[in-house]
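**Q** As input, take run_23.cif (mmCIF, C-alpha atoms and all ligand atoms):
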data_target
loop_
_atom_site.group_PDB
_atom_site.id
_atom_site.type_symbol
_atom_site.label_atom_id
_atom_site.label_comp_id
_atom_site.auth_asym_id
_atom_site.auth_seq_id
_atom_site.Cartn_x
_atom_site.Cartn_y
_atom_site.Cartn_z
ATOM 1 C CA MET A 27 132.444 177.851 104.788
ATOM 2 C CA ARG A 28 130.177 175.535 106.717
ATOM 3 C CA LYS A 29 129.084 174.781 110.277
ATOM 4 C CA GLU A 30 129.612 171.252 111.442
ATOM 5 C CA LEU A 31 129.625 169.114 114.573
ATOM 6 C CA THR A 32 133.078 167.618 114.156
ATOM 7 C CA LYS A 33 134.645 164.827 116.227
ATOM 8 C CA VAL A 34 137.698 165.266 118.471
ATOM 9 C CA VAL A 35 140.245 162.551 117.628
ATOM 10 C CA HIS A 36 143.272 163.801 119.567
ATOM 11 C CA HIS A 37 143.793 166.282 122.415
ATOM 12 C CA GLU A 38 146.874 166.811 124.546
ATOM 13 C CA GLN A 39 148.810 169.487 126.399
ATOM 14 C CA ILE A 40 152.124 170.207 124.629
ATOM 15 C CA ALA A 41 153.555 173.170 126.596
ATOM 16 C CA ASP A 42 152.619 175.426 129.498
ATOM 17 C CA LYS A 43 148.870 176.163 128.960
ATOM 18 C CA ILE A 44 149.229 175.147 125.275
ATOM 19 C CA TYR A 45 147.003 172.393 123.868
ATOM 20 C CA GLU A 46 146.998 170.531 120.555
ATOM 21 C CA LEU A 47 143.553 169.398 119.396
ATOM 22 C CA THR A 48 142.765 167.436 116.223
ATOM 23 C CA PHE A 49 139.217 167.016 114.940
ATOM 24 C CA GLU A 50 137.727 165.184 112.006
ATOM 25 C CA GLY A 51 134.977 166.432 109.702
ATOM 26 C CA GLU A 52 133.795 166.983 106.137
ATOM 27 C CA MET A 53 134.615 170.712 106.367
ATOM 28 C CA VAL A 54 138.338 169.916 106.408
ATOM 29 C CA ALA A 55 138.174 169.444 102.595
ATOM 30 C CA GLU A 56 137.719 173.244 102.313
ATOM 31 C CA MET A 57 140.826 174.087 104.374
ATOM 32 C CA VAL A 58 143.256 174.648 101.558
ATOM 33 C CA ASP A 59 144.382 178.225 102.278
ATOM 34 C CA PRO A 60 146.886 178.700 105.120
ATOM 35 C CA GLY A 61 146.147 181.566 107.517
ATOM 36 C CA GLN A 62 142.380 181.070 107.677
ATOM 37 C CA PHE A 63 140.680 180.553 111.009
ATOM 38 C CA LEU A 64 137.809 178.633 112.607
ATOM 39 C CA HIS A 65 135.107 179.986 114.868
ATOM 40 C CA ILE A 66 134.517 177.440 117.607
ATOM 41 C CA ARG A 67 131.470 177.172 119.830
ATOM 42 C CA ILE A 68 132.841 175.923 123.108
ATOM 43 C CA GLY A 69 129.920 175.181 125.412
ATOM 44 C CA ASP A 70 126.922 172.940 124.940
ATOM 45 C CA GLN A 71 124.817 175.439 126.931
ATOM 46 C CA TYR A 72 124.302 179.191 126.290
ATOM 47 C CA MET A 73 127.585 180.225 127.927
ATOM 48 C CA PRO A 74 130.033 181.126 126.625
ATOM 49 C CA LEU A 75 127.728 182.741 124.085
ATOM 50 C CA LEU A 76 130.329 183.850 121.556
ATOM 51 C CA ARG A 77 132.379 181.500 119.436
ATOM 52 C CA ARG A 78 136.171 181.746 119.794
ATOM 53 C CA PRO A 79 138.437 182.373 116.776
ATOM 54 C CA ILE A 80 141.305 179.860 116.485
ATOM 55 C CA SER A 81 143.734 179.489 113.562
ATOM 56 C CA ILE A 82 144.110 176.421 111.412
ATOM 57 C CA CYS A 83 147.534 174.986 112.305
ATOM 58 C CA ASP A 84 147.662 171.839 110.187
ATOM 59 C CA VAL A 85 145.428 169.922 107.810
ATOM 60 C CA ASP A 86 145.380 166.305 106.677
ATOM 61 C CA LEU A 87 143.067 166.381 103.659
ATOM 62 C CA GLU A 88 143.128 162.599 103.162
ATOM 63 C CA ARG A 89 142.061 161.814 106.710
ATOM 64 C CA LYS A 90 139.767 164.880 106.865
ATOM 65 C CA GLN A 91 141.561 166.000 110.028
ATOM 66 C CA CYS A 92 142.476 169.505 111.172
ATOM 67 C CA THR A 93 144.787 170.415 114.049
ATOM 68 C CA ILE A 94 144.533 173.578 116.131
ATOM 69 C CA LEU A 95 146.822 174.798 118.900
ATOM 70 C CA TYR A 96 145.496 177.092 121.576
ATOM 71 C CA ARG A 97 146.500 178.658 124.871
ATOM 72 C CA ALA A 98 144.066 178.004 127.741
ATOM 73 C CA GLU A 99 143.798 181.570 128.970
ATOM 74 C CA GLY A 100 140.209 182.670 129.596
ATOM 75 C CA GLU A 101 136.802 181.074 130.137
ATOM 76 C CA GLY A 102 136.333 179.704 126.618
ATOM 77 C CA THR A 103 139.744 178.154 126.109
ATOM 78 C CA HIS A 104 139.684 176.618 129.619
ATOM 79 C CA LEU A 105 136.388 174.932 128.769
ATOM 80 C CA LEU A 106 137.847 173.798 125.448
ATOM 81 C CA SER A 107 140.752 172.147 127.280
ATOM 82 C CA GLN A 108 138.219 169.818 128.956
ATOM 83 C CA LYS A 109 137.105 168.245 125.658
ATOM 84 C CA ARG A 110 137.962 164.554 125.394
ATOM 85 C CA LYS A 111 138.701 162.265 122.469
ATOM 86 C CA GLY A 112 135.356 161.271 120.926
ATOM 87 C CA ASP A 113 133.570 164.491 122.024
ATOM 88 C CA ARG A 114 131.794 166.652 119.456
ATOM 89 C CA LEU A 115 133.164 170.103 118.559
ATOM 90 C CA ASP A 116 130.930 172.735 116.910
ATOM 91 C CA VAL A 117 133.096 174.437 114.280
ATOM 92 C CA LEU A 118 132.268 177.206 111.780
ATOM 93 C CA GLY A 119 134.766 177.709 108.990
ATOM 94 C CA PRO A 120 137.127 178.001 107.319
ATOM 95 C CA LEU A 121 136.836 181.785 107.654
ATOM 96 C CA GLY A 122 138.701 184.867 106.464
ATOM 97 C CA LYS A 123 141.386 185.499 103.901
ATOM 98 C CA GLY A 124 144.665 183.715 104.534
ATOM 99 C CA PHE A 125 148.253 184.176 103.368
ATOM 100 C CA PRO A 126 148.521 184.552 99.570
ATOM 101 C CA LEU A 127 150.753 181.806 98.165
ATOM 102 C CA ASP A 128 151.143 183.217 94.659
ATOM 103 C CA THR A 129 153.113 186.233 95.881
ATOM 104 C CA ILE A 130 156.315 184.204 96.139
ATOM 105 C CA ASP A 131 158.011 182.244 93.359
ATOM 106 C CA GLU A 132 159.601 178.826 93.366
ATOM 107 C CA GLY A 133 163.237 179.103 94.501
ATOM 108 C CA GLU A 134 162.654 182.298 96.508
ATOM 109 C CA THR A 135 163.042 182.483 100.298
ATOM 110 C CA ALA A 136 160.245 183.148 102.792
ATOM 111 C CA LEU A 137 160.912 184.445 106.285
ATOM 112 C CA LEU A 138 158.164 183.328 108.687
ATOM 113 C CA ILE A 139 158.083 185.126 112.037
ATOM 114 C CA GLY A 140 155.753 183.889 114.775
ATOM 115 C CA GLY A 141 155.172 185.208 118.259
ATOM 116 C CA GLY A 142 153.600 183.055 120.989
ATOM 117 C CA ILE A 143 150.137 181.840 120.063
ATOM 118 C CA GLY A 144 150.621 183.507 116.640
ATOM 119 C CA VAL A 145 152.940 180.628 115.700
ATOM 120 C CA PRO A 146 150.254 177.994 114.779
ATOM 121 C CA PRO A 147 149.002 179.351 111.402
ATOM 122 C CA LEU A 148 152.616 179.626 110.201
ATOM 123 C CA TYR A 149 153.009 175.855 110.368
ATOM 124 C CA TYR A 150 150.420 175.146 107.655
ATOM 125 C CA LEU A 151 151.769 178.129 105.682
ATOM 126 C CA SER A 152 155.295 176.728 105.857
ATOM 127 C CA LYS A 153 154.127 173.298 104.662
ATOM 128 C CA LYS A 154 152.341 174.888 101.698
ATOM 129 C CA LEU A 155 155.387 177.003 100.793
ATOM 130 C CA VAL A 156 157.697 173.978 100.949
ATOM 131 C CA GLU A 157 155.280 172.122 98.626
ATOM 132 C CA ARG A 158 155.815 175.000 96.157
ATOM 133 C CA ASN A 159 159.621 174.656 96.423
ATOM 134 C CA VAL A 160 160.017 177.863 98.376
ATOM 135 C CA ARG A 161 162.870 177.928 100.902
ATOM 136 C CA VAL A 162 161.576 178.698 104.392
ATOM 137 C CA ILE A 163 163.290 180.298 107.375
ATOM 138 C CA HIS A 164 161.369 180.353 110.674
ATOM 139 C CA VAL A 165 161.975 182.649 113.609
ATOM 140 C CA LEU A 166 159.734 181.709 116.529
ATOM 141 C CA GLY A 167 159.483 183.932 119.585
ATOM 142 C CA PHE A 168 158.272 182.789 122.997
ATOM 143 C CA GLY A 169 158.365 184.216 126.498
ATOM 144 C CA SER A 170 160.260 181.306 127.994
ATOM 145 C CA LYS A 171 161.284 177.691 127.309
ATOM 146 C CA LYS A 172 158.113 176.402 129.024
ATOM 147 C CA ASP A 173 155.966 178.282 126.475
ATOM 148 C CA ALA A 174 157.735 176.914 123.371
ATOM 149 C CA PHE A 175 156.044 174.371 121.090
ATOM 150 C CA TYR A 176 156.349 172.837 117.599
ATOM 151 C CA VAL A 177 160.060 173.730 117.304
ATOM 152 C CA ASP A 178 160.932 170.207 116.043
ATOM 153 C CA ALA A 179 158.034 170.277 113.590
ATOM 154 C CA PHE A 180 159.221 173.567 112.077
ATOM 155 C CA GLU A 181 162.813 172.250 111.942
ATOM 156 C CA GLN A 182 161.578 169.428 109.683
ATOM 157 C CA LEU A 183 160.469 172.051 107.148
ATOM 158 C CA GLY A 184 163.389 174.503 107.153
ATOM 159 C CA THR A 185 165.909 176.545 109.106
ATOM 160 C CA THR A 186 164.404 177.386 112.495
ATOM 161 C CA ALA A 187 165.569 179.807 115.170
ATOM 162 C CA VAL A 188 163.920 180.279 118.550
ATOM 163 C CA THR A 189 164.060 183.383 120.669
ATOM 164 C CA THR A 190 162.905 183.698 124.270
ATOM 165 C CA ILE A 191 162.647 186.858 126.305
ATOM 166 C CA ASP A 192 164.292 185.267 129.358
ATOM 167 C CA GLY A 193 166.941 183.400 127.342
ATOM 168 C CA THR A 194 165.916 179.938 128.614
ATOM 169 C CA LEU A 195 165.757 178.634 125.020
ATOM 170 C CA GLY A 196 167.597 179.820 121.926
ATOM 171 C CA TYR A 197 168.518 183.453 121.428
ATOM 172 C CA GLN A 198 167.717 185.857 124.279
ATOM 173 C CA GLY A 199 165.579 188.763 123.134
ATOM 174 C CA PHE A 200 162.806 189.615 120.706
ATOM 175 C CA VAL A 201 162.434 188.155 117.220
ATOM 176 C CA THR A 202 163.308 191.591 115.788
ATOM 177 C CA ASP A 203 166.581 191.682 117.815
ATOM 178 C CA TYR A 204 167.548 188.289 116.392
ATOM 179 C CA ILE A 205 166.764 189.232 112.791
ATOM 180 C CA LYS A 206 168.578 192.573 113.029
ATOM 181 C CA GLN A 207 171.649 190.813 114.421
ATOM 182 C CA LYS A 208 171.697 187.756 112.129
ATOM 183 C CA GLY A 209 170.251 189.462 109.056
ATOM 184 C CA PRO A 210 168.855 186.420 107.193
ATOM 185 C CA ALA A 211 168.296 187.164 103.475
ATOM 186 C CA TYR A 212 164.703 186.665 102.299
ATOM 187 C CA ASP A 213 162.281 187.693 99.565
ATOM 188 C CA VAL A 214 158.897 187.756 101.341
ATOM 189 C CA LEU A 215 158.117 188.053 105.044
ATOM 190 C CA TYR A 216 155.020 186.490 106.680
ATOM 191 C CA SER A 217 154.177 187.065 110.307
ATOM 192 C CA CYS A 218 151.566 186.370 112.965
ATOM 193 C CA GLY A 219 151.718 187.391 116.596
ATOM 194 C CA PRO A 220 150.868 190.174 119.022
ATOM 195 C CA THR A 221 150.303 193.584 117.407
ATOM 196 C CA PRO A 222 153.337 195.200 119.137
ATOM 197 C CA MET A 223 155.516 192.517 117.521
ATOM 198 C CA LEU A 224 154.035 193.170 114.072
ATOM 199 C CA LYS A 225 154.510 196.909 114.566
ATOM 200 C CA ALA A 226 158.165 196.373 115.543
ATOM 201 C CA ILE A 227 158.701 194.215 112.437
ATOM 202 C CA GLU A 228 157.154 196.878 110.194
ATOM 203 C CA GLU A 229 159.127 199.737 111.757
ATOM 204 C CA GLN A 230 162.460 198.074 112.465
ATOM 205 C CA LEU A 231 162.844 195.598 109.591
ATOM 206 C CA ASN A 232 160.973 197.638 106.987
ATOM 207 C CA PRO A 233 160.473 194.672 104.615
ATOM 208 C CA ASP A 234 159.734 195.230 100.898
ATOM 209 C CA ARG A 235 157.121 192.477 100.679
ATOM 210 C CA ALA A 236 155.325 191.395 103.865
ATOM 211 C CA TYR A 237 152.006 189.930 105.046
ATOM 212 C CA PHE A 238 150.734 190.224 108.607
ATOM 213 C CA SER A 239 148.014 188.162 110.273
ATOM 214 C CA LEU A 240 146.173 190.274 112.840
ATOM 215 C CA GLU A 241 144.203 189.363 115.946
ATOM 216 C CA GLU A 242 141.177 191.259 117.138
ATOM 217 C CA ARG A 243 138.306 190.455 119.465
ATOM 218 C CA MET A 244 135.489 188.992 117.432
ATOM 219 C CA GLY A 245 131.750 188.605 117.584
ATOM 220 C CA CYS A 246 130.217 186.977 114.512
ATOM 221 C CA GLY A 247 133.449 186.120 112.633
ATOM 222 C CA ILE A 248 131.713 186.540 109.266
ATOM 223 C CA GLY A 249 131.650 190.280 108.631
ATOM 224 C CA ALA A 250 128.193 191.058 110.025
ATOM 225 C CA CYS A 251 128.672 192.684 113.445
ATOM 226 C CA PHE A 252 131.572 195.191 113.092
ATOM 227 C CA ALA A 253 133.164 193.962 116.369
ATOM 228 C CA CYS A 254 136.552 193.480 114.741
ATOM 229 C CA VAL A 255 137.090 196.666 112.723
ATOM 230 C CA CYS A 256 140.554 198.245 112.498
ATOM 231 C CA SER A 257 141.672 201.612 111.126
ATOM 232 C CA VAL A 258 143.369 201.861 107.770
ATOM 233 C CA LYS A 259 146.877 203.340 107.737
ATOM 234 C CA ASP A 260 147.428 206.883 106.436
ATOM 235 C CA ASP A 261 143.712 207.503 105.917
ATOM 236 C CA PRO A 262 143.174 211.281 105.756
ATOM 237 C CA SER A 263 139.392 210.901 106.278
ATOM 238 C CA GLY A 264 139.854 208.840 109.457
ATOM 239 C CA HIS A 265 136.698 206.907 108.522
ATOM 240 C CA GLU A 266 138.109 204.008 106.528
ATOM 241 C CA TYR A 267 138.288 200.639 108.217
ATOM 242 C CA ARG A 268 138.747 196.950 107.515
ATOM 243 C CA LYS A 269 137.091 193.974 109.184
ATOM 244 C CA ILE A 270 139.703 191.572 110.499
ATOM 245 C CA CYS A 271 137.362 188.573 110.209
ATOM 246 C CA SER A 272 136.313 188.933 106.571
ATOM 247 C CA ASP A 273 138.810 191.348 104.921
ATOM 248 C CA GLY A 274 141.622 189.590 106.864
ATOM 249 C CA PRO A 275 142.971 188.286 109.178
ATOM 250 C CA VAL A 276 145.939 188.494 106.763
ATOM 251 C CA PHE A 277 146.756 191.880 105.211
ATOM 252 C CA PRO A 278 149.676 193.109 103.129
ATOM 253 C CA GLN A 279 152.047 195.326 105.086
ATOM 254 C CA GLY A 280 150.966 198.965 105.233
ATOM 255 C CA VAL A 281 147.201 198.473 104.942
ATOM 256 C CA ILE A 282 146.226 198.441 108.649
ATOM 257 C CA GLN A 283 147.296 200.951 111.275
ATOM 258 C CA LEU A 284 149.191 198.706 113.718
HETATM 259 C C1 LIG A 301 141.994 185.241 113.562
HETATM 260 C C2 LIG A 301 142.379 184.793 114.969
HETATM 261 C C3 LIG A 301 143.083 183.618 115.136
HETATM 262 C C4 LIG A 301 143.422 183.187 116.422
HETATM 263 N N1 LIG A 301 144.117 182.026 116.534
HETATM 264 C C5 LIG A 301 144.417 181.562 117.759
HETATM 265 C C6 LIG A 301 145.078 180.302 117.907
HETATM 266 O O1 LIG A 301 145.398 179.619 116.927
HETATM 267 N N2 LIG A 301 145.327 179.880 119.168
HETATM 268 C C7 LIG A 301 144.969 180.624 120.277
HETATM 269 O O2 LIG A 301 145.219 180.195 121.408
HETATM 270 N N3 LIG A 301 144.358 181.812 120.168
HETATM 271 C C8 LIG A 301 144.064 182.282 118.934
HETATM 272 N N4 LIG A 301 143.401 183.481 118.832
HETATM 273 C C9 LIG A 301 143.057 184.221 120.051
HETATM 274 C C10 LIG A 301 141.845 183.555 120.701
HETATM 275 O O3 LIG A 301 140.719 183.713 119.871
HETATM 276 C C11 LIG A 301 141.556 184.181 122.050
HETATM 277 O O4 LIG A 301 142.644 184.007 122.907
HETATM 278 C C12 LIG A 301 140.327 183.506 122.651
HETATM 279 O O5 LIG A 301 139.173 183.928 121.958
HETATM 280 C C13 LIG A 301 140.196 183.832 124.082
HETATM 281 O O6 LIG A 301 139.001 183.223 124.510
HETATM 282 P P1 LIG A 301 138.793 182.881 126.046
HETATM 283 O O7 LIG A 301 137.370 182.583 126.247
HETATM 284 O O8 LIG A 301 139.760 181.859 126.501
HETATM 285 O O9 LIG A 301 139.202 184.222 126.745
HETATM 286 P P2 LIG A 301 138.265 185.376 127.310
HETATM 287 O O10 LIG A 301 139.176 186.479 127.665
HETATM 288 O O11 LIG A 301 137.377 184.849 128.379
HETATM 289 O O12 LIG A 301 137.404 185.813 126.063
HETATM 290 C C14 LIG A 301 136.394 186.747 126.207
HETATM 291 C C15 LIG A 301 135.969 187.266 124.865
HETATM 292 O O13 LIG A 301 137.015 187.962 124.221
HETATM 293 C C16 LIG A 301 137.298 187.391 122.969
HETATM 294 N N5 LIG A 301 138.758 187.432 122.858
HETATM 295 C C17 LIG A 301 139.647 187.475 123.869
HETATM 296 N N6 LIG A 301 140.897 187.583 123.400
HETATM 297 C C18 LIG A 301 140.794 187.614 122.067
HETATM 298 C C19 LIG A 301 141.737 187.720 121.014
HETATM 299 N N7 LIG A 301 143.033 187.843 121.221
HETATM 300 N N8 LIG A 301 141.276 187.694 119.761
HETATM 301 C C20 LIG A 301 139.970 187.586 119.512
HETATM 302 N N9 LIG A 301 139.024 187.498 120.459
HETATM 303 C C21 LIG A 301 139.435 187.507 121.714
HETATM 304 C C22 LIG A 301 136.717 186.010 122.996
HETATM 305 O O14 LIG A 301 136.345 185.539 121.723
HETATM 306 C C23 LIG A 301 135.542 186.217 123.872
HETATM 307 O O15 LIG A 301 134.483 186.761 123.121
HETATM 308 C C24 LIG A 301 143.049 183.953 117.565
HETATM 309 C C25 LIG A 301 142.346 185.135 117.390
HETATM 310 C C26 LIG A 301 142.003 185.550 116.112
HETATM 311 C C27 LIG A 301 141.244 186.816 115.932
HETATM 312 S S1 LIG A 302 133.596 189.689 114.016
HETATM 313 FE FE1 LIG A 302 131.682 190.411 113.286
HETATM 314 S S2 LIG A 302 132.299 191.724 111.649
HETATM 315 FE FE2 LIG A 302 134.155 190.792 112.263
#
In structure tokens, how does this file's structure come out?
Ligand SMILES: Cc1cc2nc3c(=O)[nH]c(=O)nc-3n(C[C@H](O)[C@H](O)[C@H](O)COP(=O)(O)OP(=O)(O)OC[C@H]3O[C@@H](n4cnc5c(N)ncnc54)[C@H](O)[C@@H]3O)c2cc1C
Ligand code: FES
**A**
Amino acid sequence: MRKELTKVVHHEQIADKIYELTFEGEMVAEMVDPGQFLHIRIGDQYMPLLRRPISICDVDLERKQCTILYRAEGEGTHLLSQKRKGDRLDVLGPLGKGFPLDTIDEGETALLIGGGIGVPPLYYLSKKLVERNVRVIHVLGFGSKKDAFYVDAFEQLGTTAVTTIDGTLGYQGFVTDYIKQKGPAYDVLYSCGPTPMLKAIEEQLNPDRAYFSLEERMGCGIGACFACVCSVKDDPSGHEYRKICSDGPVFPQGVIQL
């Protein structure tokens, strides 16, 4: 982990409110684990005070470039969308524990399920799995066609299905509806998206082997402030917790109370 003033080398809008930003820096050499995140200081002044957590979406180790995708939603991400090519970007990372790659063997099948802005970290994960000769199936859920992104990129790596709630692209419904209906066979499930989606996957699909990447509001991003704690599942004491930023954001199924 390091803090660095990186350089923006590419920045464009790729869907409704969704931006793709690539920066260059020495820290990229450390980004070898998919599912880790970066803590980005947006403003040059005091506000916004807190860094914003954004997942690593893709890494080019040779060029020392990292790509992130984000949705311009609140104050911080709107300010981020104003960065131009050549601007400096203050990045802390890579942070957290990502998706374990050694839990799936060569020749096995991985089912990757992404929801909305939870889709980005699955792209780097999928690339890493394909490198290990794992077969990948992607199911990507969006609200509507205008919100969808990176569908072609995922198709280059493996079988890809898209679901939208309004039916404007792909299958109409939730990712869980699609999987229950089509029933793709898989060995390990990996998912990132809104907590209700992860909860539905856990309850409705009941996978044997699964890893979930969780989102929580963050302060420090490095395990020091307790802003991101979550309750542990089936904890009789009610006092056990995990920090999403440093124990996660990726956890095996059944560890965190969704
Ligand atoms: C591990 C992790 C990875 C993430 N990866 C991505 C990604 O790749 N792309 C993307 O668009 N978004 C991602 N998010 C969510 C993103 O961090 C928030 O949407 C963003 O912080 C909102 O900032 P804002 O200033 O635009 O919104 P505001 O609502 O103005 O933010 C106010 C405060 O709330 C915090 N906050 C708000 N929503 C969240 C949230 N969901 N999670 C954590 N903190 C939040 C902000 O950090 C800030 O401190 C990720 C979150 C986590 C925890
Ligand atoms: S954000 Fe500070 S402990 Fe997790």
**Q** Give the residue list for ligand LIG 302 (chain A) at 12 Å, counting only C-alpha atoms and all ligand atoms, as a PyMOL selection string, sorted by chain and then by residue number.
**A** chain A and resi 63-65+76-79+121-122+241-256+267-275
**Q** Atom CA of A:Ala98 and atom O9 of ligand LIG 301 (chain A), how far apart in Å?
**A**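 These two atoms are separated by 8.0 Å.
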**Q** So, counting all atoms listed in the file, which residue among A:Val145, A:Val162, A:Val177, A:Cys92 is closest to A:Cys218?
**A**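 Closest to A:Cys218 of all the choices is A:Val145.
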**Q** Quick one: of A:Ile205, A:Ile68, A:Val160, A:Leu75, who's nearest to A:Ile227, counting only C-alpha atoms?
**A**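 Closest to A:Ile227, using only C-alpha atoms: A:Ile205.
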**Q** Rank A:Thr221, A:Pro74, A:Asp116, A:Ile66 by their smallest atom-to-atom distance to A:Gly51, using all atoms listed in the file, and report the top residue only.
**A** A:Asp116
**Q** Taking all listed atoms of ligand LIG 301 (chain A), build the axis-aligned box, pad each of the six sides by 6 Å, then write its centre and edge lengths in Å to one decimal as lines of an AutoDock Vina configuration file.
**A**
center_x = 139.9
center_y = 183.8
center_z = 121.0
size_x = 22.9
size_y = 20.3
size_z = 26.8
**Q** Taking into account only C-alpha atoms, which residue in the set A:Ser152, A:Gln62, A:Asn159, A:Gln283 is nearest to A:Leu137?
**A** A:Ser152
**Q** Of the residues A:Ser81, A:Thr135, A:Ser170, A:Ser257, which is the one nearest to ligand LIG 301 (chain A), using only C-alpha atoms and all ligand atoms?
**A**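 Between A:Ser81, A:Thr135, A:Ser170, A:Ser257, the residue approaching ligand LIG 301 (chain A) most closely is A:Ser81.
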**Q** Quick one: everything within 9 Å of A:Asp59, counting all atoms listed in the file, minus sequence neighbours fewer than 2 positions away in the same chain. Send it as a ChimeraX atom specification.
**A** /A:56-57,61-62,120,123-127,150-151,154
**Q** Residues within 12 Å of A:Gln230, please, as a list in words. Count only C-alpha atoms; anything in the same chain fewer than 2 positions from it doesn't count.
**A** Phe200, Val201, Thr202, Asp203, Tyr204, Ile205, Lys206, Gln207, Pro222, Met223, Leu224, Lys225, Ala226, Ile227, Glu228, Asn232 and Pro233 of chain A
**Q** Output the selection as an mmCIF file, in the coordinates of the input - C-alpha atoms for each residue.
**A**
data_model
loop_
_atom_site.group_PDB
_atom_site.id
_atom_site.type_symbol
_atom_site.label_atom_id
_atom_site.label_comp_id
_atom_site.auth_asym_id
_atom_site.auth_seq_id
_atom_site.Cartn_x
_atom_site.Cartn_y
_atom_site.Cartn_z
ATOM 1 C CA PHE A 200 162.806 189.615 120.706
ATOM 2 C CA VAL A 201 162.434 188.155 117.220
ATOM 3 C CA THR A 202 163.308 191.591 115.788
ATOM 4 C CA ASP A 203 166.581 191.682 117.815
ATOM 5 C CA TYR A 204 167.548 188.289 116.392
ATOM 6 C CA ILE A 205 166.764 189.232 112.791
ATOM 7 C CA LYS A 206 168.578 192.573 113.029
ATOM 8 C CA GLN A 207 171.649 190.813 114.421
ATOM 9 C CA PRO A 222 153.337 195.200 119.137
ATOM 10 C CA MET A 223 155.516 192.517 117.521
ATOM 11 C CA LEU A 224 154.035 193.170 114.072
ATOM 12 C CA LYS A 225 154.510 196.909 114.566
ATOM 13 C CA ALA A 226 158.165 196.373 115.543
ATOM 14 C CA ILE A 227 158.701 194.215 112.437
ATOM 15 C CA GLU A 228 157.154 196.878 110.194
ATOM 16 C CA ASN A 232 160.973 197.638 106.987
ATOM 17 C CA PRO A 233 160.473 194.672 104.615
#
**Q** Would you kindly translate the PyMOL selection byres (((chain A and resi 178-187) around 9) and not hetatm) into the concrete residues it picks from this file, as an mmCIF file with C-alpha atoms, keeping the file's coordinate frame?
**A**
data_model
loop_
_atom_site.group_PDB
_atom_site.id
_atom_site.type_symbol
_atom_site.label_atom_id
_atom_site.label_comp_id
_atom_site.auth_asym_id
_atom_site.auth_seq_id
_atom_site.Cartn_x
_atom_site.Cartn_y
_atom_site.Cartn_z
ATOM 1 C CA TYR A 149 153.009 175.855 110.368
ATOM 2 C CA SER A 152 155.295 176.728 105.857
ATOM 3 C CA LYS A 153 154.127 173.298 104.662
ATOM 4 C CA VAL A 156 157.697 173.978 100.949
ATOM 5 C CA ARG A 161 162.870 177.928 100.902
ATOM 6 C CA VAL A 162 161.576 178.698 104.392
ATOM 7 C CA ILE A 163 163.290 180.298 107.375
ATOM 8 C CA HIS A 164 161.369 180.353 110.674
ATOM 9 C CA VAL A 165 161.975 182.649 113.609
ATOM 10 C CA LEU A 166 159.734 181.709 116.529
ATOM 11 C CA GLY A 167 159.483 183.932 119.585
ATOM 12 C CA PHE A 175 156.044 174.371 121.090
ATOM 13 C CA TYR A 176 156.349 172.837 117.599
ATOM 14 C CA VAL A 177 160.060 173.730 117.304
ATOM 15 C CA VAL A 188 163.920 180.279 118.550
ATOM 16 C CA THR A 189 164.060 183.383 120.669
ATOM 17 C CA GLY A 196 167.597 179.820 121.926
ATOM 18 C CA TYR A 197 168.518 183.453 121.428
ATOM 19 C CA TYR A 204 167.548 188.289 116.392
#
**Q** I need the residue set behind the PyMOL selection byres (((chain A and resi 37) around 6) and not hetatm) for this file; please write it as a ChimeraX atom specification.
**A** /A:36,38,46-47
